[in-house]
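data-v5.cif (mmCIF, C-alpha atoms) appears below.
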data_work
loop_
_atom_site.label_atom_id
_atom_site.label_comp_id
_atom_site.auth_asym_id
_atom_site.auth_seq_id
_atom_site.Cartn_x
_atom_site.Cartn_y
_atom_site.Cartn_z
CA MET A 1 15.59 18.25 -34.32
CA ARG A 2 12.74 16.31 -32.73
CA ARG A 3 12.09 12.63 -33.08
CA PRO A 4 9.23 11.55 -35.30
CA PHE A 5 6.36 9.83 -33.49
CA ASP A 6 3.12 8.16 -34.43
CA PRO A 7 0.20 9.70 -32.50
CA SER A 8 -2.45 7.31 -33.89
CA LEU A 9 -3.28 5.60 -30.59
CA TYR A 10 -1.99 7.52 -27.60
CA LEU A 11 -2.26 5.88 -24.18
CA VAL A 12 -2.31 8.07 -21.04
CA THR A 13 -1.66 5.90 -17.99
CA ASP A 14 -3.76 5.88 -14.84
CA THR A 15 -2.12 4.02 -11.99
CA ALA A 16 -5.33 3.42 -10.07
CA LEU A 17 -7.20 2.05 -13.09
CA CYS A 18 -4.33 -0.32 -13.90
CA ARG A 19 -4.40 -1.90 -10.41
CA PRO A 20 -3.62 -4.53 -9.35
CA ARG A 21 -1.48 -4.78 -12.48
CA PRO A 22 1.70 -2.69 -12.60
CA VAL A 23 1.34 0.21 -15.03
CA ALA A 24 4.36 -1.05 -16.96
CA ASP A 25 2.66 -4.40 -17.57
CA VAL A 26 -0.45 -2.70 -18.92
CA VAL A 27 1.71 -0.50 -21.15
CA ARG A 28 3.62 -3.48 -22.51
CA ALA A 29 0.39 -5.27 -23.39
CA ALA A 30 -1.18 -2.14 -24.84
CA VAL A 31 1.80 -1.51 -27.11
CA ALA A 32 1.69 -5.12 -28.25
CA GLY A 33 -1.94 -4.46 -29.20
CA GLY A 34 -1.17 -1.33 -31.20
CA VAL A 35 -0.64 1.68 -28.92
CA THR A 36 1.81 3.98 -30.66
CA THR A 37 2.56 6.61 -28.01
CA VAL A 38 2.51 6.53 -24.18
CA GLN A 39 2.17 9.30 -21.63
CA VAL A 40 2.88 8.58 -17.97
CA ARG A 41 0.36 10.49 -15.87
CA ASP A 42 -0.10 10.15 -12.11
CA LYS A 43 -1.27 13.29 -10.37
CA THR A 44 -1.22 11.66 -6.93
CA ALA A 45 2.34 10.29 -7.05
CA SER A 46 5.23 12.12 -5.42
CA ARG A 47 7.93 13.20 -7.84
CA ARG A 48 10.09 10.38 -6.55
CA GLU A 49 7.34 7.84 -7.23
CA LEU A 50 6.67 9.36 -10.64
CA LEU A 51 10.34 9.06 -11.59
CA ALA A 52 10.31 5.38 -10.61
CA LEU A 53 7.07 4.84 -12.53
CA THR A 54 8.43 6.58 -15.61
CA ARG A 55 11.56 4.46 -15.56
CA ALA A 56 9.51 1.28 -15.17
CA VAL A 57 7.42 2.21 -18.22
CA GLN A 58 10.59 3.16 -20.08
CA ALA A 59 12.04 -0.27 -19.33
CA ALA A 60 8.84 -1.88 -20.62
CA LEU A 61 9.30 0.07 -23.86
CA ALA A 62 13.02 -0.64 -24.21
CA ASP A 63 12.48 -2.85 -27.24
CA ARG A 64 10.03 -0.39 -28.80
CA PRO A 65 12.00 2.76 -29.64
CA ASP A 66 9.27 3.64 -32.12
CA VAL A 67 6.88 4.36 -29.22
CA ALA A 68 7.42 7.88 -27.91
CA LEU A 69 7.27 8.27 -24.11
CA TRP A 70 5.82 11.44 -22.60
CA VAL A 71 5.60 12.53 -18.98
CA ASN A 72 2.63 14.55 -17.77
CA ASP A 73 3.46 17.86 -16.12
CA ALA A 74 6.74 16.90 -14.41
CA VAL A 75 9.52 18.52 -16.41
CA ASP A 76 12.13 17.54 -13.83
CA VAL A 77 11.08 13.90 -14.02
CA ALA A 78 11.10 13.94 -17.83
CA LEU A 79 14.61 15.38 -17.87
CA LEU A 80 15.92 12.89 -15.32
CA ALA A 81 14.34 9.91 -17.07
CA GLY A 82 15.33 11.13 -20.51
CA ALA A 83 11.73 10.85 -21.72
CA ASP A 84 10.92 11.85 -25.27
CA GLY A 85 8.51 14.56 -24.26
CA VAL A 86 6.47 16.44 -21.68
CA HIS A 87 2.74 17.05 -21.79
CA LEU A 88 1.41 20.19 -20.11
CA GLY A 89 -2.05 21.14 -18.95
CA GLN A 90 -3.27 24.68 -18.61
CA ASP A 91 -2.23 24.80 -14.91
CA ASP A 92 1.21 23.36 -15.48
CA LEU A 93 4.30 25.41 -16.17
CA PRO A 94 3.94 27.68 -19.23
CA PRO A 95 4.97 25.97 -22.50
CA ALA A 96 7.47 28.64 -23.54
CA GLU A 97 9.31 28.31 -20.25
CA VAL A 98 9.26 24.55 -20.38
CA ARG A 99 10.65 24.60 -23.91
CA ALA A 100 13.58 26.63 -22.58
CA LEU A 101 14.24 23.95 -19.95
CA LEU A 102 13.78 21.03 -22.32
CA GLY A 103 15.99 22.35 -25.07
CA PRO A 104 15.14 21.83 -28.74
CA GLY A 105 15.31 18.03 -28.80
CA ARG A 106 12.30 16.95 -26.80
CA LEU A 107 8.62 16.87 -27.63
CA LEU A 108 6.17 19.21 -25.95
CA GLY A 109 2.42 18.66 -25.76
CA PHE A 110 -0.22 21.05 -24.49
CA SER A 111 -3.86 20.49 -23.56
CA VAL A 112 -6.52 22.79 -25.00
CA SER A 113 -10.24 22.74 -24.38
CA SER A 114 -11.30 25.86 -26.28
CA ALA A 115 -10.37 28.16 -29.15
CA ALA A 116 -8.96 30.63 -26.63
CA GLU A 117 -6.63 28.03 -25.16
CA LEU A 118 -5.57 26.95 -28.63
CA ASP A 119 -4.79 30.59 -29.42
CA VAL A 120 -2.31 30.58 -26.53
CA ALA A 121 -0.44 27.74 -28.21
CA ARG A 122 -0.65 29.41 -31.63
CA ALA A 123 0.78 32.66 -30.25
CA LEU A 124 3.94 30.91 -29.07
CA PRO A 125 7.08 30.90 -31.22
CA ALA A 126 7.12 28.12 -33.80
CA GLY A 127 8.65 24.96 -32.42
CA THR A 128 7.54 25.59 -28.86
CA VAL A 129 4.62 23.16 -28.83
CA ASP A 130 4.58 20.05 -31.02
CA LEU A 131 1.27 18.48 -30.12
CA VAL A 132 -2.05 19.75 -28.84
CA GLY A 133 -4.37 17.48 -26.93
CA ILE A 134 -7.95 18.55 -27.64
CA GLY A 135 -10.67 17.67 -25.20
CA PRO A 136 -12.67 16.53 -23.54
CA VAL A 137 -14.54 15.05 -26.49
CA TRP A 138 -16.98 13.64 -23.99
CA SER A 139 -17.04 14.07 -20.24
CA THR A 140 -14.97 11.50 -18.39
CA PRO A 141 -14.64 10.31 -14.80
CA THR A 142 -10.83 10.09 -15.11
CA LYS A 143 -10.56 13.87 -15.38
CA PRO A 144 -13.52 15.43 -13.58
CA ASP A 145 -11.89 18.89 -13.65
CA ALA A 146 -11.79 18.97 -17.44
CA GLY A 147 -13.94 21.56 -19.19
CA ALA A 148 -17.29 21.08 -20.91
CA ALA A 149 -17.48 18.31 -23.48
CA LEU A 150 -16.63 19.56 -26.97
CA GLY A 151 -18.26 16.75 -28.91
CA PRO A 152 -16.80 15.48 -32.19
CA ASP A 153 -17.83 18.63 -34.06
CA GLY A 154 -16.10 20.88 -31.54
CA VAL A 155 -12.99 18.73 -31.67
CA GLY A 156 -12.99 18.83 -35.45
CA ALA A 157 -13.16 22.62 -35.54
CA LEU A 158 -10.26 22.98 -33.10
CA ALA A 159 -8.28 20.30 -34.90
CA ASP A 160 -8.60 22.18 -38.20
CA THR A 161 -7.23 25.35 -36.63
CA ALA A 162 -4.48 23.47 -34.85
CA CYS A 163 -3.48 21.60 -37.98
CA ALA A 164 -3.23 24.91 -39.85
CA GLY A 165 -0.93 26.09 -37.05
CA GLY A 166 1.39 23.18 -37.66
CA PHE A 167 0.51 21.15 -34.59
CA THR A 168 0.04 17.43 -34.38
CA THR A 169 -3.43 16.89 -32.90
CA VAL A 170 -4.90 14.25 -30.63
CA ALA A 171 -8.33 14.13 -29.04
CA ILE A 172 -9.03 12.94 -25.50
CA GLY A 173 -11.95 12.35 -23.19
CA GLY A 174 -14.39 9.49 -22.92
CA ILE A 175 -13.15 7.65 -26.02
CA ASP A 176 -13.64 3.90 -26.25
CA ALA A 177 -13.50 1.48 -29.18
CA ASP A 178 -17.11 2.18 -30.13
CA ARG A 179 -16.42 5.90 -30.37
CA ALA A 180 -12.79 5.93 -31.57
CA GLY A 181 -13.76 5.81 -35.23
CA GLU A 182 -16.04 8.79 -34.88
CA VAL A 183 -13.20 10.72 -33.26
CA ALA A 184 -10.66 9.68 -35.88
CA ALA A 185 -13.07 10.91 -38.55
CA THR A 186 -12.92 14.45 -37.15
CA GLY A 187 -9.48 14.83 -38.68
CA VAL A 188 -7.29 14.55 -35.59
CA ASP A 189 -3.97 12.78 -36.01
CA GLY A 190 -4.55 10.55 -33.05
CA VAL A 191 -6.89 9.29 -30.39
CA CYS A 192 -6.01 9.36 -26.69
CA VAL A 193 -7.43 6.90 -24.22
CA VAL A 194 -7.08 6.30 -20.50
CA SER A 195 -9.72 3.98 -19.08
CA ALA A 196 -10.48 2.24 -22.39
CA ILE A 197 -7.11 0.53 -21.97
CA CYS A 198 -6.09 0.98 -18.32
CA ALA A 199 -9.39 -0.41 -17.02
CA ALA A 200 -9.67 -3.13 -19.66
CA ALA A 201 -9.48 -6.75 -18.61
CA ASP A 202 -7.24 -7.35 -21.63
CA PRO A 203 -5.30 -4.18 -22.51
CA GLU A 204 -3.73 -5.76 -25.58
CA GLU A 205 -7.10 -6.73 -26.99
CA ALA A 206 -8.53 -3.32 -26.05
CA ALA A 207 -5.73 -1.58 -27.97
CA ARG A 208 -6.31 -3.83 -30.96
CA ALA A 209 -10.03 -3.00 -30.98
CA LEU A 210 -9.25 0.72 -30.80
CA ARG A 211 -6.80 0.47 -33.69
CA GLU A 212 -9.36 -1.38 -35.79
CA SER A 213 -12.00 1.23 -35.06
CA ILE A 214 -9.58 4.05 -35.96
CA GLY A 215 -8.36 2.26 -39.10
CA ALA A 216 -11.89 1.63 -40.33
CA ALA A 217 -12.77 5.32 -40.02
CA ARG A 218 -9.83 6.58 -42.08
CA MET B 1 31.30 27.08 -6.80
CA ARG B 2 28.27 27.67 -4.66
CA ARG B 3 27.22 30.98 -3.23
CA PRO B 4 27.76 31.55 0.50
CA PHE B 5 24.60 31.98 2.53
CA ASP B 6 23.70 32.76 6.12
CA PRO B 7 21.37 30.08 7.53
CA SER B 8 20.88 31.77 10.93
CA LEU B 9 17.17 32.50 10.53
CA TYR B 10 15.61 30.51 7.72
CA LEU B 11 12.01 31.30 6.75
CA VAL B 12 9.88 28.66 5.02
CA THR B 13 6.81 30.29 3.53
CA ASP B 14 3.24 29.08 4.00
CA THR B 15 0.80 30.76 1.66
CA ALA B 16 -2.28 30.00 3.76
CA LEU B 17 -0.74 31.31 6.97
CA CYS B 18 0.33 34.54 5.25
CA ARG B 19 -3.22 35.31 4.07
CA PRO B 20 -4.64 37.81 3.45
CA ARG B 21 -1.16 39.28 2.98
CA PRO B 22 0.73 38.30 -0.16
CA VAL B 23 3.61 35.94 0.67
CA ALA B 24 6.05 38.39 -0.90
CA ASP B 25 4.96 41.14 1.51
CA VAL B 26 5.48 38.88 4.50
CA VAL B 27 8.91 37.89 3.17
CA ARG B 28 9.93 41.51 2.66
CA ALA B 29 8.97 42.40 6.23
CA ALA B 30 10.59 39.27 7.65
CA VAL B 31 13.87 40.00 5.90
CA ALA B 32 13.77 43.58 7.19
CA GLY B 33 13.43 42.04 10.65
CA GLY B 34 16.41 39.73 10.27
CA VAL B 35 15.50 36.63 8.24
CA THR B 36 18.66 35.54 6.40
CA THR B 37 17.38 32.80 4.08
CA VAL B 38 13.99 32.13 2.46
CA GLN B 39 12.44 28.96 1.11
CA VAL B 40 9.27 29.14 -0.98
CA ARG B 41 7.06 26.19 -0.07
CA ASP B 42 3.49 25.65 -1.24
CA LYS B 43 2.47 22.02 -1.58
CA THR B 44 -1.02 22.93 -2.80
CA ALA B 45 -0.01 25.29 -5.62
CA SER B 46 0.19 24.14 -9.21
CA ARG B 47 3.64 24.40 -10.74
CA ARG B 48 2.47 27.42 -12.66
CA GLU B 49 1.29 29.12 -9.47
CA LEU B 50 4.49 28.14 -7.68
CA LEU B 51 6.59 29.69 -10.43
CA ALA B 52 4.64 32.95 -10.13
CA LEU B 53 4.94 32.85 -6.33
CA THR B 54 8.67 32.22 -6.51
CA ARG B 55 9.16 35.13 -8.88
CA ALA B 56 7.10 37.41 -6.64
CA VAL B 57 9.28 36.51 -3.65
CA GLN B 58 12.37 36.92 -5.80
CA ALA B 59 11.25 40.42 -6.75
CA ALA B 60 10.69 41.21 -3.07
CA LEU B 61 14.30 40.16 -2.41
CA ALA B 62 15.78 41.99 -5.40
CA ASP B 63 17.61 44.45 -3.16
CA ARG B 64 18.79 41.74 -0.78
CA PRO B 65 21.20 39.55 -2.75
CA ASP B 66 22.62 38.37 0.58
CA VAL B 67 19.39 36.43 1.25
CA ALA B 68 19.47 33.05 -0.48
CA LEU B 69 16.22 31.91 -2.08
CA TRP B 70 15.30 28.23 -2.10
CA VAL B 71 12.36 26.45 -3.69
CA ASN B 72 10.80 23.46 -2.00
CA ASP B 73 10.64 20.29 -4.09
CA ALA B 74 10.07 21.84 -7.52
CA VAL B 75 13.35 21.53 -9.39
CA ASP B 76 11.78 22.73 -12.62
CA VAL B 77 10.47 25.87 -10.94
CA ALA B 78 13.83 26.56 -9.30
CA LEU B 79 15.61 26.27 -12.63
CA LEU B 80 13.11 28.50 -14.42
CA ALA B 81 13.18 31.15 -11.71
CA GLY B 82 16.93 30.97 -11.30
CA ALA B 83 16.57 30.38 -7.55
CA ASP B 84 19.68 29.88 -5.45
CA GLY B 85 18.67 26.43 -4.30
CA VAL B 86 16.22 23.58 -4.01
CA HIS B 87 15.10 21.91 -0.81
CA LEU B 88 14.07 18.26 -0.98
CA GLY B 89 12.04 16.11 1.37
CA GLN B 90 12.32 12.37 1.62
CA ASP B 91 9.52 11.86 -0.93
CA ASP B 92 10.86 14.34 -3.43
CA LEU B 93 13.26 13.47 -6.23
CA PRO B 94 16.49 11.83 -5.01
CA PRO B 95 19.22 14.37 -4.16
CA ALA B 96 21.88 12.82 -6.40
CA GLU B 97 19.56 13.04 -9.40
CA VAL B 98 18.53 16.58 -8.57
CA ARG B 99 22.17 17.62 -8.26
CA ALA B 100 22.70 16.34 -11.80
CA LEU B 101 19.85 18.55 -13.02
CA LEU B 102 20.89 21.60 -11.02
CA GLY B 103 24.52 21.55 -12.01
CA PRO B 104 27.28 22.48 -9.57
CA GLY B 105 26.27 26.08 -8.95
CA ARG B 106 23.04 25.80 -7.00
CA LEU B 107 22.38 24.95 -3.38
CA LEU B 108 20.69 21.71 -2.41
CA GLY B 109 18.95 21.07 0.91
CA PHE B 110 17.58 17.79 2.22
CA SER B 111 15.22 17.06 5.11
CA VAL B 112 16.19 14.39 7.64
CA SER B 113 14.24 13.20 10.65
CA SER B 114 16.46 10.35 11.82
CA ALA B 115 20.01 9.04 11.81
CA ALA B 116 19.06 6.65 9.01
CA GLU B 117 17.84 9.51 6.81
CA LEU B 118 20.97 11.50 7.60
CA ASP B 119 23.05 8.47 6.57
CA VAL B 120 21.42 8.68 3.13
CA ALA B 121 22.76 12.21 2.76
CA ARG B 122 26.18 11.24 4.13
CA ALA B 123 26.47 8.36 1.66
CA LEU B 124 26.09 10.72 -1.32
CA PRO B 125 29.16 12.07 -3.12
CA ALA B 126 30.62 15.17 -1.50
CA GLY B 127 29.03 18.32 -2.87
CA THR B 128 25.66 16.71 -3.57
CA VAL B 129 23.81 18.11 -0.55
CA ASP B 130 24.80 21.43 1.05
CA LEU B 131 22.31 21.72 3.87
CA VAL B 132 20.32 19.31 5.97
CA GLY B 133 17.08 20.37 7.60
CA ILE B 134 16.71 18.44 10.86
CA GLY B 135 13.29 17.98 12.35
CA PRO B 136 10.75 18.14 13.61
CA VAL B 137 12.19 19.53 16.82
CA TRP B 138 8.67 19.64 18.14
CA SER B 139 5.48 18.49 16.45
CA THR B 140 3.88 21.15 14.30
CA PRO B 141 0.49 21.68 12.68
CA THR B 142 2.12 23.08 9.50
CA LYS B 143 3.58 19.67 8.65
CA PRO B 144 1.35 16.98 10.16
CA ASP B 145 3.05 14.26 8.10
CA ALA B 146 6.46 14.94 9.66
CA GLY B 147 7.94 12.21 11.83
CA ALA B 148 8.07 12.00 15.62
CA ALA B 149 9.43 15.02 17.47
CA LEU B 150 13.20 14.79 18.01
CA GLY B 151 13.43 17.30 20.83
CA PRO B 152 16.47 19.55 21.24
CA ASP B 153 18.68 16.65 22.34
CA GLY B 154 17.77 14.57 19.31
CA VAL B 155 18.42 17.55 17.02
CA GLY B 156 21.78 18.18 18.66
CA ALA B 157 22.92 14.60 18.13
CA LEU B 158 21.95 14.66 14.43
CA ALA B 159 23.50 18.10 14.01
CA ASP B 160 26.83 16.88 15.38
CA THR B 161 26.91 14.03 12.89
CA ALA B 162 25.79 16.28 10.04
CA CYS B 163 28.38 18.91 10.89
CA ALA B 164 31.10 16.26 10.86
CA GLY B 165 29.86 15.29 7.40
CA GLY B 166 30.39 18.83 6.17
CA PHE B 167 26.76 19.87 5.98
CA THR B 168 25.27 23.16 7.01
CA THR B 169 22.51 22.34 9.51
CA VAL B 170 19.19 23.93 10.31
CA ALA B 171 16.47 22.72 12.66
CA ILE B 172 12.74 22.95 11.96
CA GLY B 173 9.44 22.17 13.63
CA GLY B 174 7.45 24.07 16.20
CA ILE B 175 10.07 26.75 16.80
CA ASP B 176 8.97 30.16 18.05
CA ALA B 177 10.88 33.01 19.68
CA ASP B 178 10.57 31.44 23.12
CA ARG B 179 12.15 28.23 21.91
CA ALA B 180 14.57 29.53 19.26
CA GLY B 181 17.39 30.06 21.74
CA GLU B 182 17.12 26.52 23.01
CA VAL B 183 17.34 25.26 19.43
CA ALA B 184 20.28 27.48 18.54
CA ALA B 185 22.09 26.14 21.61
CA THR B 186 21.97 22.60 20.17
CA GLY B 187 24.72 23.56 17.76
CA VAL B 188 22.73 23.89 14.54
CA ASP B 189 23.82 26.61 12.13
CA GLY B 190 20.33 27.96 11.78
CA VAL B 191 16.75 27.93 12.92
CA CYS B 192 13.84 27.43 10.50
CA VAL B 193 10.42 28.82 11.14
CA VAL B 194 7.11 28.78 9.32
CA SER B 195 4.17 29.90 11.45
CA ALA B 196 6.27 31.93 13.90
CA ILE B 197 6.64 34.45 11.08
CA CYS B 198 3.95 33.64 8.49
CA ALA B 199 1.16 33.71 11.09
CA ALA B 200 2.57 36.67 13.01
CA ALA B 201 0.62 39.91 13.07
CA ASP B 202 3.94 41.73 12.55
CA PRO B 203 6.37 39.49 10.62
CA GLU B 204 9.19 42.04 10.89
CA GLU B 205 8.88 42.20 14.66
CA ALA B 206 8.55 38.41 14.86
CA ALA B 207 11.77 37.97 12.89
CA ARG B 208 13.52 40.48 15.15
CA ALA B 209 12.42 38.61 18.29
CA LEU B 210 13.65 35.34 16.81
CA ARG B 211 17.03 36.82 15.97
CA GLU B 212 17.39 38.19 19.48
CA SER B 213 16.53 34.83 20.99
CA ILE B 214 19.06 33.10 18.72
CA GLY B 215 21.75 35.72 19.37
CA ALA B 216 21.33 35.50 23.13
CA ALA B 217 21.83 31.73 23.05
CA ARG B 218 25.09 31.84 21.13
#
Reformat the file's structure so that it appears as structure tokens.
Amino acid sequence: MRRPFDPSLYLVTDTALCRPRPVADVVRAAVAGGVTTVQVRDKTASRRELLALTRAVQAALADRPDVALWVNDAVDVALLAGADGVHLGQDDLPPAEVRALLGPGRLLGFSVSSAAELDVARALPAGTVDLVGIGPVWSTPTKPDAGAALGPDGVGALADTACAGGFTTVAIGGIDADRAGEVAATGVDGVCVVSAICAAADPEEAARALRESIGAAR
Amino acid sequence: MRRPFDPSLYLVTDTALCRPRPVADVVRAAVAGGVTTVQVRDKTASRRELLALTRAVQAALADRPDVALWVNDAVDVALLAGADGVHLGQDDLPPAEVRALLGPGRLLGFSVSSAAELDVARALPAGTVDLVGIGPVWSTPTKPDAGAALGPDGVGALADTACAGGFTTVAIGGIDADRAGEVAATGVDGVCVVSAICAAADPEEAARALRESIGAAR
């Protein structure tokens, strides 16, 4: 039995963009402003550093059990920290294998950038993957290795298929407050942001603006 | 209850040095030549690639259950592959936490380059760490971020302390057949090599020469 979570505004952390502020401080402010779900991502951190970072974010969310905490890629770190979920890219460990390690209780997310990649998730046994992250909507400097931009129409088409497969859907890539409404209108369950919050002078205000944009589009 | 293993000649794989040969082919030849223990290490591989590499090496060792298989750093990969052990560096996840993930049955190794780092291992509850890798004996191009060279005398001093603490000891760093005897004479239980086998034109012959050098010194 997996925990319910609200994917409406999904923050993926970027340690470098948060500097000089600690990631946990940015997360705390962002959640105060309306972020509903948080994924700790730091591809340059050692596993030891990532575990410490995850625990710091977890501590910042201690009074917000409604906000699900995901760890990018690092299944071992997620297990040690007791995170709510793991998010996997196409180069990370295969979702079916990770589900076996995680057991039935934790959330599993999976990034898809095409119909073919979504088909991989759809071919897995039910209950393997909970959430698919669809992107990039637009190209983004925070993930230069991401595939070609799908645009809102491309995201909407994948989201329809994913929704029919029973997945929760979020869109990611180049989304800011100006564009969040357009993305929400494609039918995804949530909007993911990195720099729109991590690089914002006021992360709480940035989250609030994103929530307003999403709310207005629905 | 942990499996017994023979640390005498411990091969750490390097994918780049093995090229164009598959790592698994080099491992198979090295074991035929006398390697007793194998650690899969590839710091540049994705976790998905590392899992595939580990399974390929495991398949190459299918008829050699006496040869323990370790995975460097990646606890999740070790668990998924069912490897015999995990080897951790100082920047990897903390040994006590990894032991909790691994359960009591798997082997755990830990790299130390100084008395202070060895003290960290000694301060852990008994049964947390099984093996300490002491090094670098000499500086080595395969691990440019390793600390200052300890030399055989420095290795011997750490090995004595580690042995008294109940750890199996291996030495690593710049060891080739010419130097393996000198290292074995320091009192370590085993000698680790990377390039002496992975970069050898004939890995089987290289392993045999190393074993002879170690045997002559004992």
Enumerate, in order of chain and increasing residue number, the residues of chain A with an atom no farther than 9 Å from chain B, each with its shortest atom pair and distance in Å to one decimal, counting only C-alpha atoms, as CSV.
residue,atom,partner,partner_atom,distance
A:Ser46,CA,B:Asp91,CA,6.2
A:Arg47,CA,B:Asp92,CA,5.4
A:Arg48,CA,B:Leu93,CA,4.4
A:Glu49,CA,B:Asp91,CA,7.8
A:Leu50,CA,B:Leu93,CA,8.9
A:Leu51,CA,B:Leu93,CA,7.5
A:Asp73,CA,B:Arg47,CA,8.5
A:Ala74,CA,B:Asp76,CA,7.9
A:Val75,CA,B:Asp76,CA,6.1
A:Asp76,CA,B:Asp76,CA,5.3
A:Val77,CA,B:Leu93,CA,8.1
A:Leu79,CA,B:Leu101,CA,7.8
A:Leu80,CA,B:Glu97,CA,7.0
A:Gln90,CA,B:Arg48,CA,8.7
A:Asp91,CA,B:Arg48,CA,5.8
A:Asp92,CA,B:Arg48,CA,5.1
A:Leu93,CA,B:Arg48,CA,4.4
A:Pro94,CA,B:Arg48,CA,6.7
A:Glu97,CA,B:Leu80,CA,7.0
A:Val98,CA,B:Leu80,CA,8.1
A:Ala100,CA,B:Leu80,CA,8.4
A:Leu101,CA,B:Leu80,CA,7.2
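The coordinates place CA of Thr37 in chain B at 16.2 Å from CA of Leu53 in chain B.
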How would you write, as a list in words, the residues chosen by the PyMOL selection byres ((chain B and resi 5) around 10) on this structure?
Arg2, Arg3, Pro4, Asp6, Pro7, Ser8, Thr36, Thr37, Pro65, Asp66, Val67, Ala68, Leu69, Asp84, Leu107 and Thr168 of chain B
I'd like the interatomic distance between CA of Pro125 in chain B and CA of Ser113 in chain B, to a tenth of an Å.
20.3 Å
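Every protein or nucleic acid residue with an atom no more than 9 Å from Phe110 in chain B, counting all atoms listed in the file and leaving out same-chain residues fewer than 6 positions away, appears here: Val86, His87, Leu88, Gly89, Gln90, Pro95, Leu118, Ala121, Val129, Asp130, Leu131, Val132, Gly133 and Ile134 of chain B.
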Do you know which residues are at most 9 Å from range 152-163 of chain A counting all atoms listed in the file, after dropping those on the same chain fewer than 6 positions away, and could you put them as a ChimeraX atom specification?
/A:112-115,118-119,121-122,131-132,134-138,169-171,182-183,185-189
From A:Ala199, A:Ala177, A:Ala16, A:Leu61, residue lying nearest Glu212 in chain A [only C-alpha atoms]:
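Smallest separation from Glu212 in chain A among the options: A:Ala177.
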One decimal place gives the CA of Thr128 in chain A-CA of Ala78 in chain A separation as 16.4 Å
Which of these, B:Arg64, B:Ala96, B:Phe167, B:Tyr10, has the shortest distance to Gly190 in chain B once you count all atoms listed in the file?
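Between B:Arg64, B:Ala96, B:Phe167, B:Tyr10, the residue approaching Gly190 in chain B most closely is B:Tyr10.
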Can you work out which one of A:Val38, A:Val26, A:Ala126, A:Val12 has the shortest atom-to-atom distance to Ala200 in chain A, counting only C-alpha atoms?
A:Val26
Given the file above and the PyMOL selection byres ((chain A and resi 196) around 8), which residues are selected, and can you give them as a short mmCIF file (atom, residue, chain, number, x, y, z; two decimals) with C-alpha atoms, keeping the file's coordinate frame?
data_model
loop_
_atom_site.label_atom_id
_atom_site.label_comp_id
_atom_site.auth_asym_id
_atom_site.auth_seq_id
_atom_site.Cartn_x
_atom_site.Cartn_y
_atom_site.Cartn_z
CA ILE A 175 -13.15 7.65 -26.02
CA ASP A 176 -13.64 3.90 -26.25
CA ALA A 177 -13.50 1.48 -29.18
CA VAL A 193 -7.43 6.90 -24.22
CA VAL A 194 -7.08 6.30 -20.50
CA SER A 195 -9.72 3.98 -19.08
CA ILE A 197 -7.11 0.53 -21.97
CA CYS A 198 -6.09 0.98 -18.32
CA ALA A 199 -9.39 -0.41 -17.02
CA ALA A 200 -9.67 -3.13 -19.66
CA ALA A 206 -8.53 -3.32 -26.05
#
Counting only C-alpha atoms, I want the residues whose atoms come within 9 Å of (1.4, 22.8, 12.4) in the file frame, returned as a list in words.
Ser139, Thr140, Pro141, Thr142, Lys143, Pro144, Gly173, Gly174, Val194 and Ser195 of chain B
Identify the residues within 9 Å of coordinate (5.7, 35.7, 1.4) (same frame as the file), considering all atoms listed in the file, and give the answer as a list of chain:residue names.
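So the residues meeting the distance criterion are B:Val12, B:Thr13, B:Asp14, B:Thr15, B:Cys18, B:Arg21, B:Pro22, B:Val23, B:Ala24, B:Asp25, B:Val26, B:Val27, B:Arg28, B:Ala29, B:Ala30, B:Val40, B:Leu53, B:Ala56, B:Val57, B:Ala60, B:Cys198.
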Do you know which residues are at most 7 Å from range 178-181 of chain B counting all atoms listed in the file, after dropping those on the same chain fewer than 4 positions away, and could you put them as a ChimeraX atom specification?
/B:185,191,210,213-214,216-217
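For Gly33 in chain A, the non-local neighbours within 9 Å, defined as residues at least 4 positions apart in the same chain or in other chains and counting all atoms listed in the file, are Arg28, Ala29, Pro203, Glu204, Glu205, Ala206, Ala207, Arg208, Ala209 and Arg211 of chain A.
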